[in-house]
Amino acid sequence: MKAGVLFSGGKDSVYAAYLAKKNGIDIACLITLHSENKESYMFHTPSILKVKKQAESMEIPLIIQETKGEKEKELIDLHKAIKHAIQKYKIEAIITGAIESAYQASRVQKICDKENIDCFNPLWQKNQMQLLHDLIEQHFEIIVTGVFCYPLDQSWLGKKINQDFIRNVTKLHDQYKINVSGEGGEFESFVLNCPLFKKPLQVIDKTITGQKNSWSMEIDVS
Amino acid sequence: MMLLIQIHSLQFHYYEFVKPIEDILRANHISFISKHYKHLSEIDITNAKKIIIGGTSLKDNTFLNDLSYFQWIPSYKGNILGICGGMHLLGLIYNESLEKKQEIGLHKIILETILFGEKDEIEVYELHNYCLKPSTFSILAHSKKCPQIIKHPKKPHYGVLFHPEVRNKQLIASFLKGIEE
């Protein structure tokens, strides 16, 4: 079966793609929505254009769809991108990295139903601590590219998701109820290497912007 | 031993429709076997203290052409909980019919009675294109469009249209009561 992956370049969508390939799905394309709105309800925004480098490393075609990121209107752009993927790559299914968000999952489900294609959410309801352990076990190299809540600050940018990260984020979960895998938008991540990549990516430049407990790190990778 | 019956036709749907239920069973320390309906043996059914029949994706309706695999249901005396596609199967085996009515996402449903520890109005996650039109089953809960929880008039065979493994995990835990091992 040919499928397109809704792809942000963060750990969840890359891991969903990895599981798809492991389960015999032919990933015909990656689909990325580039939102002008950093507060988008649907789409992960930091470092999104670097997904081109990830797609090159995975040797999978990439569709980038621009969107203003306005609530509900961005769904029209998502629908447009999925239609494009159906026409160009003959996909029969969409794969997402949704874990808990009924808002995101149900909207993608409705678009897939309208287009009469299947929808796979392989991380749906997954224990989020288990997800972090699985990523480490499967040799995913992931860094934090954005933090968006107290008490996370600039010092978290660029941190790798490893056992130390799990220990630290667990403490914050216990004290502040922060979601350990950032599913609530607490932090965002970027995958530098994983079993799908032909070669690992390296950060060659970075620009940090933000204040207080909201920081983003735009990176350039090669 | 509890039996979880899988109905998806594509293995990759396991992660979304089976694993979340398996995780709830493990969290409740329930011994279970989880098998696709095509691989069930008579012993699996005889040994099962309770049975859950899971669901699958909107587009995956292959199971509806395989009712012959489920002819054991009317003679099974234990508790059955059919979830979404599992509810469709349960109804069809008892000669109920389906009608096309879609609900996707979070919806409020009304409970007619206290059930599985729930009462009044609850929010549930829906993902279906069809609902059952029961003629003999009792309707224990409903949404604006569809019966949401049904029960066979004589047997402890229940159908749930929404996906309790998403926002109503306690419903599954309540169904499991009495078989902790």
# chains A, B, ... in the order shown; residues from 1 in each chain; ligands from 1
$ residues_around --residues "stretch 40-52 of chain B" --least-positions-apart "2" --cutoff "6 Å" --atoms "only C-alpha atoms" --output "PDB file with C-alpha atoms, in the first residue's frame"
ATOM      1  CA  MET B   1      -8.397 -15.481  30.674  1.00  0.00           C
ATOM      2  CA  MET B   2      -9.827 -12.612  28.694  1.00  0.00           C
ATOM      3  CA  LEU B   3     -10.015 -12.706  24.883  1.00  0.00           C
ATOM      4  CA  LEU B   4      -9.476  -9.633  22.706  1.00  0.00           C
ATOM      5  CA  TYR B  37     -10.855 -13.431  14.207  1.00  0.00           C
ATOM      6  CA  LYS B  38      -9.466 -15.532  11.381  1.00  0.00           C
ATOM      7  CA  GLY B  78     -20.098 -14.922  28.964  1.00  0.00           C
ATOM      8  CA  ASN B  79     -19.829 -11.136  28.657  1.00  0.00           C
ATOM      9  CA  ILE B  80     -19.053  -9.622  25.278  1.00  0.00           C
ATOM     10  CA  LEU B  81     -18.169  -5.992  24.611  1.00  0.00           C
ATOM     11  CA  GLY B  82     -18.171  -5.077  20.919  1.00  0.00           C
TER      12      GLY B  82
END
$ residues_around --residues "B:Thr62" --least-positions-apart "4" --cutoff "8 Å" --atoms "only C-alpha atoms" --output "count of residues only"
3
$ interface_residues --of "chain A" --to "chain B" --cutoff "6 Å" --atoms "only C-alpha atoms" --output "ChimeraX atom specification"
/A:106,118,121-122,124-125
$ closest_residue --among "A:His139, A:Lys212, A:His173, A:His34" --to "A:Phe7" --atoms "only C-alpha atoms"
A:His34
$ atom_distance --atom1 "atom CA of B:Leu92" --atom2 "atom CA of B:Cys146"
15.9 Å
$ closest_residue --among "A:Glu188, A:Glu100, A:Glu56, A:Glu115" --to "A:Lys80" --atoms "only C-alpha atoms"
A:Glu115
$ select_by_dssp --residues "stretch 75-141 of chain B" --states "strand (DSSP E or B)" --output "ChimeraX atom specification"
/B:79-83,97-111,115,118,121-133,138-141
$ select_by_dssp --residues "stretch 120-190 of chain A" --states "helix (DSSP H, G or I)" --output "PyMOL selection string"
chain A and resi 128-137+154-156+163-176
$ write_last_selection --atoms "C-alpha atoms" --output "mmCIF file, in the first residue's frame"
data_model
loop_
_atom_site.group_PDB
_atom_site.id
_atom_site.type_symbol
_atom_site.label_atom_id
_atom_site.label_comp_id
_atom_site.auth_asym_id
_atom_site.auth_seq_id
_atom_site.Cartn_x
_atom_site.Cartn_y
_atom_site.Cartn_z
ATOM 1 C CA GLN A 128 4.395 8.867 26.105
ATOM 2 C CA MET A 129 7.193 7.759 28.398
ATOM 3 C CA GLN A 130 7.300 4.485 26.485
ATOM 4 C CA LEU A 131 7.494 6.488 23.252
ATOM 5 C CA LEU A 132 10.633 8.302 24.451
ATOM 6 C CA HIS A 133 12.236 4.998 25.481
ATOM 7 C CA ASP A 134 11.336 3.419 22.120
ATOM 8 C CA LEU A 135 12.891 6.334 20.233
ATOM 9 C CA ILE A 136 16.156 5.961 22.135
ATOM 10 C CA GLU A 137 16.131 2.179 21.715
ATOM 11 C CA GLN A 154 16.442 28.681 26.567
ATOM 12 C CA SER A 155 18.786 26.159 28.183
ATOM 13 C CA TRP A 156 16.636 23.302 26.828
ATOM 14 C CA GLN A 163 18.180 9.075 29.239
ATOM 15 C CA ASP A 164 19.267 12.350 30.909
ATOM 16 C CA PHE A 165 16.487 14.184 29.075
ATOM 17 C CA ILE A 166 13.952 11.597 30.248
ATOM 18 C CA ARG A 167 15.132 11.968 33.853
ATOM 19 C CA ASN A 168 14.876 15.772 33.708
ATOM 20 C CA VAL A 169 11.535 15.929 31.939
ATOM 21 C CA THR A 170 10.119 13.326 34.339
ATOM 22 C CA LYS A 171 10.994 15.600 37.269
ATOM 23 C CA LEU A 172 9.154 18.447 35.524
ATOM 24 C CA HIS A 173 6.210 16.164 34.868
ATOM 25 C CA ASP A 174 6.015 15.255 38.555
ATOM 26 C CA GLN A 175 6.307 18.878 39.662
ATOM 27 C CA TYR A 176 4.534 20.844 36.911
#
$ residues_around --residues "B:Ser135" --least-positions-apart "2" --cutoff "7 Å" --atoms "only C-alpha atoms" --output "VMD selection string"
chain B and resid 96 133 137
$ residues_around --residues "stretch 151-159 of chain B" --least-positions-apart "2" --cutoff "8 Å" --atoms "only C-alpha atoms" --output "PyMOL selection string"
chain B and resi 77-84+86-88+90-91+136-140+148-149+161
$ residues_around --residues "A:Leu6" --least-positions-apart "5" --cutoff "7 Å" --atoms "only C-alpha atoms" --output "PyMOL selection string"
chain A and resi 13+30-32+95-96
$ atom_distance --atom1 "atom CA of A:Pro195" --atom2 "atom CA of A:Ala81"
26.3 Å
$ closest_residue --among "A:Leu123, A:Ile143, A:Cys149, A:Val51" --to "A:Ser222" --atoms "only C-alpha atoms"
A:Val51
$ atom_distance --atom1 "atom CA of A:Lys50" --atom2 "atom CA of A:Ile82"
20.4 Å
$ decode --residues "stretch 113-127 of chain B" --atoms "N, CA and C atoms" --output "compact mmCIF listing (two decimals), in the first residue's frame"
# COMPACT_ATOMS: atom_id res chain seq x y z
N THR B 113 -28.86 5.12 31.90
CA THR B 113 -28.75 4.51 33.21
C THR B 113 -27.29 4.56 33.65
N ILE B 114 -27.02 4.27 34.91
CA ILE B 114 -25.62 4.18 35.33
C ILE B 114 -25.04 2.92 34.71
N LEU B 115 -23.94 3.08 34.00
CA LEU B 115 -23.43 1.95 33.25
C LEU B 115 -21.91 1.96 33.27
N PHE B 116 -21.33 0.83 33.58
CA PHE B 116 -19.88 0.71 33.65
C PHE B 116 -19.27 1.88 34.43
N GLY B 117 -19.95 2.29 35.49
CA GLY B 117 -19.43 3.36 36.34
C GLY B 117 -19.67 4.76 35.79
N GLU B 118 -20.34 4.87 34.65
CA GLU B 118 -20.61 6.18 34.04
C GLU B 118 -22.08 6.54 34.22
N LYS B 119 -22.39 7.85 34.24
CA LYS B 119 -23.80 8.25 34.30
C LYS B 119 -24.01 9.60 33.62
N ASP B 120 -25.26 9.93 33.35
CA ASP B 120 -25.68 11.19 32.73
C ASP B 120 -25.05 11.39 31.36
N GLU B 121 -24.29 12.51 31.23
CA GLU B 121 -23.75 12.86 29.92
C GLU B 121 -22.23 12.71 29.96
N ILE B 122 -21.67 12.07 28.97
CA ILE B 122 -20.21 11.95 28.93
C ILE B 122 -19.69 12.32 27.54
N GLU B 123 -18.41 12.69 27.50
CA GLU B 123 -17.77 13.00 26.22
C GLU B 123 -17.01 11.78 25.74
N VAL B 124 -17.19 11.46 24.48
CA VAL B 124 -16.57 10.24 23.95
C VAL B 124 -15.92 10.54 22.60
N TYR B 125 -15.01 9.67 22.18
CA TYR B 125 -14.36 9.82 20.87
C TYR B 125 -15.02 8.86 19.88
N GLU B 126 -15.52 9.44 18.80
CA GLU B 126 -16.24 8.65 17.80
C GLU B 126 -15.42 8.52 16.51
N LEU B 127 -15.56 7.40 15.84
CA LEU B 127 -14.91 7.22 14.53
C LEU B 127 -15.67 6.13 13.78
